[in-house]
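Enquirer: I am sharing query_24.cif, which consists of mmCIF, C-alpha atoms:
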```cif
data_run
#
loop_
_atom_site.label_atom_id
_atom_site.label_comp_id
_atom_site.auth_asym_id
_atom_site.auth_seq_id
_atom_site.Cartn_x
_atom_site.Cartn_y
_atom_site.Cartn_z
CA MET R 2 -47.44 -64.89 -0.39
CA ALA R 3 -44.20 -66.76 -1.17
CA TRP R 4 -46.23 -69.50 -2.84
CA ASN R 5 -47.95 -66.99 -5.15
CA ILE R 6 -44.62 -65.42 -6.08
CA PHE R 7 -43.34 -68.94 -6.88
CA ILE R 8 -46.44 -69.54 -9.05
CA ALA R 9 -45.79 -66.27 -10.89
CA ILE R 10 -42.18 -67.33 -11.53
CA ILE R 11 -43.27 -70.74 -12.83
CA GLY R 12 -45.86 -69.11 -15.10
CA THR R 13 -43.25 -66.69 -16.42
CA ALA R 14 -40.81 -69.55 -17.08
CA ILE R 15 -43.42 -71.48 -19.06
CA VAL R 16 -44.23 -68.43 -21.18
CA TRP R 17 -40.52 -67.72 -21.68
CA LYS R 18 -39.54 -71.24 -22.81
CA SER R 19 -42.58 -71.58 -25.07
CA ALA R 20 -41.88 -68.18 -26.64
CA ASP R 21 -38.48 -69.22 -27.98
CA ARG R 22 -39.88 -72.17 -29.94
CA LEU R 23 -42.90 -70.10 -30.91
CA GLU R 24 -40.66 -67.52 -32.58
CA GLU R 25 -38.85 -70.19 -34.59
CA ALA R 26 -42.13 -71.67 -35.85
CA CYS R 27 -43.43 -68.22 -36.80
CA GLY R 28 -40.24 -67.45 -38.70
CA ARG R 29 -40.47 -70.65 -40.73
CA ILE R 30 -44.18 -70.14 -41.43
CA ALA R 31 -43.52 -66.58 -42.62
CA THR R 32 -40.66 -67.81 -44.82
CA HIS R 33 -42.84 -70.55 -46.30
CA TYR R 34 -45.45 -68.01 -47.37
CA GLY R 35 -42.81 -65.59 -48.67
CA LEU R 36 -43.71 -62.62 -46.47
CA PRO R 37 -41.52 -59.48 -46.37
CA GLU R 38 -39.55 -58.76 -43.19
CA ILE R 39 -41.77 -55.93 -41.95
CA VAL R 40 -44.94 -58.01 -42.44
CA ARG R 41 -43.33 -60.96 -40.62
CA GLY R 42 -42.66 -58.76 -37.61
CA ALA R 43 -45.86 -56.72 -37.66
CA ILE R 44 -48.35 -59.52 -38.40
CA ILE R 45 -47.19 -63.15 -38.05
CA THR R 46 -44.68 -62.82 -35.21
CA ALA R 47 -46.56 -59.99 -33.49
CA ILE R 48 -49.84 -61.89 -33.35
CA ALA R 49 -48.19 -65.09 -32.14
CA SER R 50 -46.16 -63.30 -29.48
CA SER R 51 -49.28 -61.38 -28.40
CA PHE R 52 -51.13 -64.59 -27.57
CA PRO R 53 -50.22 -64.24 -23.86
CA GLU R 54 -52.03 -60.89 -23.76
CA VAL R 55 -55.09 -62.35 -25.46
CA SER R 56 -54.98 -65.25 -23.01
CA SER R 57 -54.80 -62.84 -20.06
CA VAL R 58 -58.04 -61.14 -21.16
CA VAL R 59 -59.87 -64.40 -21.89
CA ILE R 60 -58.73 -66.14 -18.69
CA SER R 61 -59.28 -63.07 -16.49
CA THR R 62 -62.77 -62.52 -17.89
CA LEU R 63 -64.18 -66.03 -18.31
CA ILE R 64 -62.49 -67.90 -15.46
CA HIS R 65 -61.93 -65.25 -12.80
CA GLY R 66 -64.51 -62.57 -13.70
CA GLU R 67 -61.74 -59.91 -13.65
CA PHE R 68 -62.09 -58.06 -16.96
CA GLU R 69 -60.25 -55.01 -15.61
CA LEU R 70 -57.29 -57.22 -14.71
CA GLY R 71 -57.13 -58.36 -18.33
CA ILE R 72 -57.26 -54.79 -19.67
CA SER R 73 -54.65 -53.58 -17.19
CA ALA R 74 -52.37 -56.47 -18.22
CA ILE R 75 -52.70 -55.41 -21.86
CA VAL R 76 -52.03 -51.72 -21.16
CA GLY R 77 -49.14 -52.61 -18.85
CA SER R 78 -47.78 -54.98 -21.47
CA ALA R 79 -48.04 -52.28 -24.14
CA ILE R 80 -46.08 -49.87 -21.92
CA PHE R 81 -43.49 -52.60 -21.23
CA ASN R 82 -43.25 -53.35 -24.95
CA ILE R 83 -42.78 -49.74 -26.01
CA LEU R 84 -40.22 -48.85 -23.33
CA VAL R 85 -38.38 -51.93 -22.08
CA ILE R 86 -38.20 -54.14 -25.18
CA PRO R 87 -36.56 -51.59 -27.53
CA ALA R 88 -34.17 -50.65 -24.70
CA PHE R 89 -33.06 -54.26 -24.14
CA ALA R 90 -32.89 -54.87 -27.89
CA VAL R 91 -30.39 -52.00 -28.11
CA LEU R 92 -28.41 -52.87 -24.97
CA LEU R 93 -28.17 -56.59 -25.77
CA GLY R 94 -28.28 -56.54 -29.55
CA GLY R 95 -26.84 -53.21 -30.67
CA ARG R 96 -28.13 -50.04 -32.29
CA LEU R 97 -31.64 -50.27 -33.75
CA THR R 98 -31.99 -48.55 -37.10
CA ALA R 99 -35.49 -47.70 -38.29
CA ASN R 100 -36.67 -46.77 -41.75
CA ARG R 101 -39.41 -44.46 -42.95
CA GLN R 102 -41.85 -47.35 -43.29
CA VAL R 103 -41.48 -48.30 -39.61
CA VAL R 104 -41.71 -44.70 -38.40
CA PHE R 105 -44.44 -43.37 -40.68
CA LYS R 106 -46.55 -46.52 -41.08
CA GLU R 107 -46.10 -48.81 -38.07
CA ALA R 108 -45.51 -46.14 -35.41
CA LEU R 109 -48.17 -43.74 -36.62
CA PHE R 110 -50.74 -46.51 -37.06
CA TYR R 111 -49.99 -47.62 -33.52
CA LEU R 112 -50.63 -44.07 -32.27
CA ILE R 113 -53.97 -44.19 -34.08
CA ALA R 114 -54.72 -47.52 -32.35
CA VAL R 115 -54.15 -45.91 -28.93
CA ALA R 116 -56.49 -43.03 -29.83
CA VAL R 117 -59.21 -45.35 -31.19
CA LEU R 118 -59.21 -47.56 -28.08
CA LEU R 119 -59.49 -44.48 -25.85
CA LEU R 120 -62.32 -43.22 -28.08
CA THR R 121 -64.10 -46.57 -27.74
CA LEU R 122 -63.86 -46.41 -23.94
CA SER R 123 -65.16 -42.83 -24.06
CA LEU R 124 -68.16 -43.88 -26.14
CA ALA R 125 -68.99 -46.51 -23.52
CA VAL R 126 -69.22 -43.80 -20.84
CA ILE R 127 -71.14 -41.36 -23.06
CA TYR R 128 -73.75 -43.70 -24.53
CA TYR R 129 -73.95 -46.47 -21.92
CA PRO R 130 -73.27 -44.75 -18.58
CA VAL R 131 -73.53 -46.62 -15.28
CA ARG R 132 -74.76 -44.72 -12.24
CA GLY R 133 -72.54 -44.57 -9.19
CA GLU R 134 -69.30 -43.00 -8.04
CA GLY R 135 -66.76 -42.14 -10.69
CA LEU R 136 -67.17 -42.47 -14.44
CA HIS R 137 -68.39 -45.93 -15.38
CA GLY R 138 -69.76 -47.20 -18.66
CA GLN R 139 -70.84 -50.39 -20.38
CA LEU R 140 -68.49 -51.61 -23.11
CA THR R 141 -70.70 -53.50 -25.57
CA ARG R 142 -69.98 -55.91 -28.38
CA GLY R 143 -71.15 -53.28 -30.88
CA LEU R 144 -68.65 -50.71 -29.61
CA VAL R 145 -65.63 -53.02 -29.83
CA LEU R 146 -66.31 -53.50 -33.53
CA VAL R 147 -64.71 -50.04 -33.95
CA PRO R 148 -61.15 -51.13 -32.98
CA ILE R 149 -61.63 -54.49 -34.74
CA SER R 150 -62.54 -52.66 -37.96
CA LEU R 151 -59.42 -50.54 -37.67
CA TYR R 152 -57.29 -53.67 -37.36
CA ALA R 153 -58.90 -54.98 -40.54
CA VAL R 154 -57.63 -51.81 -42.25
CA TYR R 155 -54.16 -52.52 -40.82
CA ILE R 156 -54.22 -56.06 -42.23
CA PHE R 157 -55.26 -54.68 -45.63
CA ILE R 158 -52.32 -52.25 -45.64
CA GLN R 159 -49.89 -55.06 -44.77
CA TYR R 160 -51.45 -57.24 -47.47
CA GLN R 161 -50.69 -54.56 -50.06
CA ASP R 162 -47.04 -54.57 -48.98
CA ALA R 163 -46.88 -58.37 -49.10
CA LYS R 164 -48.19 -58.42 -52.70
CA GLU R 165 -45.26 -56.31 -53.87
CA HIS R 166 -42.62 -58.46 -52.14
CA GLN R 167 -40.49 -60.99 -54.02
CA PRO R 168 -39.44 -63.82 -51.64
CA SER R 169 -35.78 -64.82 -51.71
CA ASP R 170 -35.54 -67.53 -49.02
CA SER R 171 -35.79 -71.19 -49.97
CA THR R 172 -38.81 -73.04 -48.56
CA ASP R 173 -37.96 -76.53 -49.80
CA ARG R 174 -37.00 -77.93 -46.37
CA ILE R 175 -39.85 -76.40 -44.38
CA ASN R 176 -42.50 -78.87 -43.21
CA ILE R 177 -45.37 -76.40 -42.93
CA VAL R 178 -47.77 -78.88 -41.28
CA ARG R 179 -45.20 -79.65 -38.59
CA GLU R 180 -44.55 -75.94 -37.98
CA TRP R 181 -48.26 -75.19 -37.55
CA ALA R 182 -48.50 -78.11 -35.09
CA VAL R 183 -45.53 -76.80 -33.09
CA LEU R 184 -47.14 -73.36 -33.10
CA ALA R 185 -50.39 -74.75 -31.69
CA ILE R 186 -48.58 -76.64 -28.89
CA CYS R 187 -46.58 -73.56 -27.93
CA LEU R 188 -49.73 -71.43 -27.79
CA ALA R 189 -51.34 -73.97 -25.45
CA LEU R 190 -48.32 -73.90 -23.14
CA VAL R 191 -48.37 -70.09 -23.16
CA ALA R 192 -52.02 -70.15 -22.09
CA ILE R 193 -51.12 -72.38 -19.12
CA GLY R 194 -48.34 -70.02 -18.10
CA VAL R 195 -50.65 -67.00 -18.34
CA GLU R 196 -53.27 -68.72 -16.17
CA LEU R 197 -50.65 -69.14 -13.45
CA LEU R 198 -49.68 -65.47 -13.75
CA VAL R 199 -53.29 -64.26 -13.55
CA ARG R 200 -54.03 -66.49 -10.56
CA ALA R 201 -50.91 -65.22 -8.79
CA ALA R 202 -51.87 -61.58 -9.48
CA ILE R 203 -55.37 -62.06 -8.05
CA ASN R 204 -54.05 -63.81 -4.95
CA LEU R 205 -51.33 -61.21 -4.37
CA GLY R 206 -53.91 -58.46 -4.63
CA SER R 207 -56.09 -60.22 -2.07
CA ILE R 208 -53.22 -60.90 0.34
CA MET R 209 -51.84 -57.35 0.20
CA GLN R 210 -55.32 -55.77 0.02
CA THR R 211 -54.56 -53.98 -3.23
CA PRO R 212 -56.62 -53.95 -6.46
CA SER R 213 -55.67 -56.90 -8.64
CA PHE R 214 -55.60 -54.70 -11.75
CA LEU R 215 -52.52 -52.94 -10.34
CA TRP R 216 -50.72 -56.29 -10.31
CA GLY R 217 -51.95 -56.82 -13.84
CA LEU R 218 -50.20 -53.60 -14.88
CA THR R 219 -46.88 -54.91 -13.60
CA VAL R 220 -46.53 -58.64 -12.84
CA VAL R 221 -48.88 -60.07 -15.49
CA ALA R 222 -47.86 -57.43 -18.04
CA ALA R 223 -44.14 -58.16 -17.70
CA GLY R 224 -44.70 -61.93 -17.75
CA THR R 225 -46.89 -61.87 -20.87
CA SER R 226 -44.44 -59.55 -22.67
CA LEU R 227 -41.56 -62.05 -22.52
CA PRO R 228 -42.25 -63.51 -25.99
CA ASP R 229 -41.99 -60.04 -27.54
CA LEU R 230 -38.83 -59.32 -25.53
CA PHE R 231 -36.92 -62.42 -26.63
CA ILE R 232 -38.12 -62.17 -30.23
CA SER R 233 -37.07 -58.52 -30.54
CA VAL R 234 -33.69 -59.05 -28.85
CA LYS R 235 -32.96 -62.02 -31.09
CA ALA R 236 -33.93 -60.05 -34.21
CA SER R 237 -31.73 -57.17 -33.09
CA ARG R 238 -28.72 -59.50 -32.56
CA GLU R 239 -29.22 -60.83 -36.08
CA GLY R 240 -29.13 -57.29 -37.46
CA LYS R 241 -32.86 -57.27 -38.24
CA SER R 242 -33.68 -53.86 -36.76
CA VAL R 243 -36.83 -53.41 -38.83
CA ALA R 244 -38.22 -56.77 -37.69
CA SER R 245 -37.38 -55.99 -34.06
CA LEU R 246 -39.14 -52.61 -34.09
CA SER R 247 -42.09 -53.72 -36.21
CA ASN R 248 -42.68 -56.68 -33.88
CA VAL R 249 -43.01 -54.32 -30.91
CA LEU R 250 -45.31 -51.89 -32.71
CA GLY R 251 -47.32 -54.62 -34.44
CA SER R 252 -47.75 -56.54 -31.19
CA ASN R 253 -49.06 -53.46 -29.39
CA THR R 254 -51.40 -52.65 -32.26
CA PHE R 255 -52.82 -56.18 -32.08
CA ASP R 256 -53.14 -56.02 -28.28
CA LEU R 257 -55.13 -52.77 -28.31
CA LEU R 258 -57.34 -53.41 -31.32
CA ILE R 259 -57.98 -57.16 -30.93
CA ALA R 260 -57.03 -58.48 -27.47
CA VAL R 261 -59.24 -56.02 -25.55
CA PRO R 262 -62.28 -56.53 -27.86
CA VAL R 263 -61.90 -60.32 -27.59
CA GLY R 264 -62.64 -60.14 -23.86
CA VAL R 265 -65.77 -58.07 -24.50
CA LEU R 266 -66.97 -60.36 -27.30
CA LEU R 267 -66.65 -63.35 -24.98
CA ALA R 268 -68.12 -61.75 -21.87
CA GLY R 269 -70.78 -59.61 -23.55
CA THR R 270 -71.53 -56.20 -22.06
CA THR R 271 -68.72 -55.31 -19.66
CA GLU R 272 -68.51 -52.44 -17.19
CA ILE R 273 -65.40 -50.26 -17.30
CA ASN R 274 -64.10 -47.63 -14.88
CA PHE R 275 -63.17 -44.67 -17.07
CA SER R 276 -61.51 -42.92 -14.13
CA ARG R 277 -58.95 -45.74 -14.05
CA ALA R 278 -58.73 -46.14 -17.79
CA VAL R 279 -57.76 -42.54 -18.58
CA PRO R 280 -54.58 -42.40 -16.42
CA MET R 281 -53.50 -45.82 -17.73
CA MET R 282 -54.11 -44.83 -21.37
CA GLY R 283 -52.44 -41.50 -20.66
CA SER R 284 -49.33 -43.34 -19.44
CA LEU R 285 -49.35 -45.47 -22.58
CA THR R 286 -49.70 -42.38 -24.79
CA PHE R 287 -46.83 -40.64 -22.98
CA ALA R 288 -44.59 -43.71 -23.33
CA THR R 289 -45.47 -43.99 -27.02
CA ILE R 290 -44.64 -40.34 -27.71
CA ILE R 291 -41.27 -40.69 -25.93
CA MET R 292 -40.36 -43.75 -27.99
CA PHE R 293 -41.62 -42.19 -31.25
CA VAL R 294 -39.62 -38.96 -30.73
CA LEU R 295 -36.41 -40.84 -29.87
CA MET R 296 -36.83 -43.14 -32.86
CA ARG R 297 -37.59 -40.27 -35.23
CA LEU R 298 -34.65 -38.02 -34.26
CA ASN R 299 -32.01 -39.95 -36.23
CA MET R 300 -34.16 -42.83 -37.49
CA ASP R 301 -32.56 -45.13 -34.90
CA LEU R 302 -32.32 -45.91 -31.19
CA THR R 303 -28.97 -45.65 -29.39
CA ARG R 304 -27.77 -46.80 -25.97
CA ARG R 305 -28.48 -43.34 -24.59
CA ASP R 306 -32.05 -43.61 -25.87
CA ALA R 307 -32.30 -47.06 -24.27
CA VAL R 308 -31.39 -45.63 -20.88
CA VAL R 309 -34.03 -42.91 -21.26
CA LEU R 310 -36.69 -45.53 -22.04
CA LEU R 311 -35.74 -47.63 -19.00
CA VAL R 312 -35.80 -44.58 -16.70
CA VAL R 313 -39.30 -43.72 -17.91
CA TYR R 314 -40.47 -47.29 -17.27
CA PHE R 315 -38.91 -47.27 -13.81
CA GLY R 316 -40.87 -44.09 -13.06
CA PHE R 317 -44.06 -45.83 -14.20
CA VAL R 318 -43.42 -48.82 -11.91
CA VAL R 319 -42.71 -46.52 -8.95
CA TRP R 320 -45.98 -44.69 -9.59
CA ILE R 321 -48.00 -47.91 -9.76
CA THR R 322 -46.32 -49.21 -6.59
CA LEU R 323 -47.20 -46.02 -4.70
CA GLU R 324 -50.78 -46.34 -5.98
CA ALA R 325 -50.98 -49.97 -4.86
CA PHE R 326 -50.09 -49.11 -1.29
CA GLY R 327 -52.28 -46.00 -1.12
CA LEU R 328 -49.43 -43.49 -0.82
CA ILE R 329 -50.79 -41.48 -3.74
CA SER R 330 -54.17 -41.56 -5.49
CA VAL R 331 -54.08 -40.54 -9.12
CA LEU R 332 -56.11 -43.60 -10.16
CA ALA R 333 -59.68 -43.78 -8.93
CA ILE R 334 -59.24 -47.00 -6.94
#
```
Turn the structure described in the file into structure tokens.
Expert:
Amino acid sequence: MAWNIFIAIIGTAIVWKSADRLEEACGRIATHYGLPEIVRGAIITAIASSFPEVSSVVISTLIHGEFELGISAIVGSAIFNILVIPAFAVLLGGRLTANRQVVFKEALFYLIAVAVLLLTLSLAVIYYPVRGEGLHGQLTRGLVLVPISLYAVYIFIQYQDAKEHQPSDSTDRINIVREWAVLAICLALVAIGVELLVRAAINLGSIMQTPSFLWGLTVVAAGTSLPDLFISVKASREGKSVASLSNVLGSNTFDLLIAVPVGVLLAGTTEINFSRAVPMMGSLTFATIIMFVLMRLNMDLTRRDAVVLLVVYFGFVVWITLEAFGLISVLAI
């Protein structure tokens, strides 16, 4: 068990160190192409920092045959992103001030993303049911085109914003070829770190006789969310509140609408346990509503709000821990 914990720590360290350089490359690439701040956070930086989540689905599905572990890592990461990252950005970087574009475009679109993914899982149970105990369904490649199509709409909306933006930063000293090369190397290192995290989660689940997807909700989720955490904290310290918040919301939107479908597209038809999915998605919805309400009250997040977010996340971890050891049974394990 100690060895697997050590592996998880090493994997987390690799993701962490790679994330810092990844953020710098993304910033320079976004500057080179003259993208506005909110598009940098919601598209370029969010997609790059979400690569660990995509890797968790691909590696869990193709290498370990654990699609549910990949999904749980994404949902757990989304909960971590929406509760822990804004809280640390406030506590370590200062007050986060939102604007109407973040609240009414990024946050609301993210809420739609949560609803669409849950709808897609529901369609799998309704139209492709699997006989047996509990509610099981087949998630097909055709069904996951629904969330992918929604993300295409999201990209189109961001593109409209980018067209109206007038870049002000100088791009003369940016070697764009070098930055893309650095980005590719960092992504490869992140994938290695995620593989170590996934392997540790599976082994810990086997050793402690608990479902591996529960470890995905916590250990893998927290490890893969480190890029988003450091990027948002750094943006907050630099006074870029909009970039910090839009990175969190954009990253979660990408995770739900693209990362989950990627696993299905690679694996083909995949069975899902709807009885497990609903409580997990319900937790994500609850966390999202809490964050949205706090952010909307005064169009900012304060230290008091940060404490509330951390308390909610602590409650989530306690619940999952109790589930893992069979002390309660809300999830259909």
Enquirer: I'd like to know which of R:Trp181, R:Ile6, R:Ala90, R:Glu24 is closest to R:Arg238, using all atoms listed in the file.
Expert: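 Result for the nearest residue to R:Arg238: R:Ala90.
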Enquirer: Work out how far atom CA of R:Met281 is from atom CA of R:Gly71, in Å to one decimal.
Expert: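 So the answer is 13.1 Å.
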Enquirer: Which residues are near R:Ala116? Cut-off 12 Å, all atoms listed in the file, ignore same chain within fewer than 4 positions. Put them as a ChimeraX atom specification.
Expert: /R:109-112,120-123,147-148,151,254,257-258,279,282-283,285-286,289
Enquirer: With only C-alpha atoms counted, which protein, DNA or RNA residues have an atom no more than 12 Å from (-31.4, -44.6, -24.2) in the file frame? Please answer as a PDB file with C-alpha atoms, in the frame of the given file.
Expert:
```
ATOM      1  CA  LEU R  84     -40.220 -48.850 -23.330  1.00  0.00           C
ATOM      2  CA  VAL R  85     -38.380 -51.930 -22.080  1.00  0.00           C
ATOM      3  CA  ILE R  86     -38.200 -54.140 -25.180  1.00  0.00           C
ATOM      4  CA  PRO R  87     -36.560 -51.590 -27.530  1.00  0.00           C
ATOM      5  CA  ALA R  88     -34.170 -50.650 -24.700  1.00  0.00           C
ATOM      6  CA  PHE R  89     -33.060 -54.260 -24.140  1.00  0.00           C
ATOM      7  CA  ALA R  90     -32.890 -54.870 -27.890  1.00  0.00           C
ATOM      8  CA  VAL R  91     -30.390 -52.000 -28.110  1.00  0.00           C
ATOM      9  CA  LEU R  92     -28.410 -52.870 -24.970  1.00  0.00           C
ATOM     10  CA  GLY R  95     -26.840 -53.210 -30.670  1.00  0.00           C
ATOM     11  CA  ARG R  96     -28.130 -50.040 -32.290  1.00  0.00           C
ATOM     12  CA  LEU R  97     -31.640 -50.270 -33.750  1.00  0.00           C
ATOM     13  CA  ILE R 291     -41.270 -40.690 -25.930  1.00  0.00           C
ATOM     14  CA  MET R 292     -40.360 -43.750 -27.990  1.00  0.00           C
ATOM     15  CA  VAL R 294     -39.620 -38.960 -30.730  1.00  0.00           C
ATOM     16  CA  LEU R 295     -36.410 -40.840 -29.870  1.00  0.00           C
ATOM     17  CA  MET R 296     -36.830 -43.140 -32.860  1.00  0.00           C
ATOM     18  CA  ASP R 301     -32.560 -45.130 -34.900  1.00  0.00           C
ATOM     19  CA  LEU R 302     -32.320 -45.910 -31.190  1.00  0.00           C
ATOM     20  CA  THR R 303     -28.970 -45.650 -29.390  1.00  0.00           C
ATOM     21  CA  ARG R 304     -27.770 -46.800 -25.970  1.00  0.00           C
ATOM     22  CA  ARG R 305     -28.480 -43.340 -24.590  1.00  0.00           C
ATOM     23  CA  ASP R 306     -32.050 -43.610 -25.870  1.00  0.00           C
ATOM     24  CA  ALA R 307     -32.300 -47.060 -24.270  1.00  0.00           C
ATOM     25  CA  VAL R 308     -31.390 -45.630 -20.880  1.00  0.00           C
ATOM     26  CA  VAL R 309     -34.030 -42.910 -21.260  1.00  0.00           C
ATOM     27  CA  LEU R 310     -36.690 -45.530 -22.040  1.00  0.00           C
ATOM     28  CA  LEU R 311     -35.740 -47.630 -19.000  1.00  0.00           C
ATOM     29  CA  VAL R 312     -35.800 -44.580 -16.700  1.00  0.00           C
ATOM     30  CA  VAL R 313     -39.300 -43.720 -17.910  1.00  0.00           C
ATOM     31  CA  TYR R 314     -40.470 -47.290 -17.270  1.00  0.00           C
TER      32      TYR R 314
END
```
Enquirer: For R:Val16, which residue out of R:Ala278, R:Leu190, R:Ala125, R:Ala260 is the nearest one, using all atoms listed in the file?
Expert: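 Comparing R:Ala278, R:Leu190, R:Ala125, R:Ala260 against R:Val16, the winner is R:Leu190.
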Enquirer: Work out how far atom CA of R:Ala222 is from atom CA of R:Gly77, in Å to one decimal.
Expert: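 Result for atom CA of R:Gly77 versus atom CA of R:Ala222: 5.1 Å, one decimal.
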Enquirer: Can you pull out the residues contacting R:Met209? Cut-off 10 Å, using only C-alpha atoms, and skip same-chain residues under 3 positions away; I want them as a list in words.
Expert: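 Close residues of R:Met209: Met2, Asn204, Leu205, Gly206, Pro212, Ser213, Ala325 and Phe326 of chain R.
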Enquirer: Between atom CA of R:Gly327 and atom CA of R:Leu215, what is the spacing in Å?
Expert: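 Between atom CA of R:Leu215 and atom CA of R:Gly327 the gap is 11.5 Å.
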Enquirer: Please evaluate the PyMOL selection byres ((chain R and resi 70) around 8) against the displayed coordinates and give the resulting residues as a PyMOL selection string.
Expert: chain R and resi 58+61+67-69+71-74+213-218
Enquirer: I need the residue nearest R:Val249 from this list: R:Ala79, R:Ile10, R:Ile60, R:Leu119. Use all atoms listed in the file for the distance.
Expert: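 Under the stated criterion, the closest residue is R:Ala79.
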Enquirer: So what does the PyMOL selection byres ((chain R and resi 138-141) around 9) actually pick up in this one, as number ranges by chain?
Expert: R: 121-132, 136-137, 142-145, 265-266, 269-275
Enquirer: So which residues touch R:Asp256 within 8 Å, counting only C-alpha atoms, skipping near sequence neighbours fewer than 3 positions away, as an MDAnalysis selection string?
Expert: chainID R and resid 51 54:55 75 79 252:253 259:261
Enquirer: Out of R:Val221, R:Val319, R:Ala114, R:Ile193, which residue has the shortest atom-to-atom distance to R:Ser19 when counting all atoms listed in the file?
Expert: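 For R:Ser19, the nearest of the candidates is R:Ile193.
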Enquirer: Extract, using only C-alpha atoms, all DNA, RNA and protein residues at most 8 Å from R:Ala223, discarding same-chain residues fewer than 4 positions from it, and format them as a list in words.
Expert: Gly77, Ser78, Phe81, Thr219 and Leu227 of chain R
Enquirer: Would you kindly translate the PyMOL selection byres ((chain R and resi 8) around 10) into the concrete residues it picks from this file, as a PyMOL selection string?
Expert: chain R and resi 2-7+9-14+194+196-202
Enquirer: Just checking: using only C-alpha atoms, which residue out of R:Cys187, R:Leu246, R:Thr98, R:Leu323 ends up closest to R:Leu298?
Expert: R:Thr98
Enquirer: For R:Ser237, which residue among R:Leu93, R:Lys106, R:Val318, R:Arg297 is the nearest when counting all atoms listed in the file?
Expert: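 Among the listed residues, the smallest separation from R:Ser237 belongs to R:Leu93.
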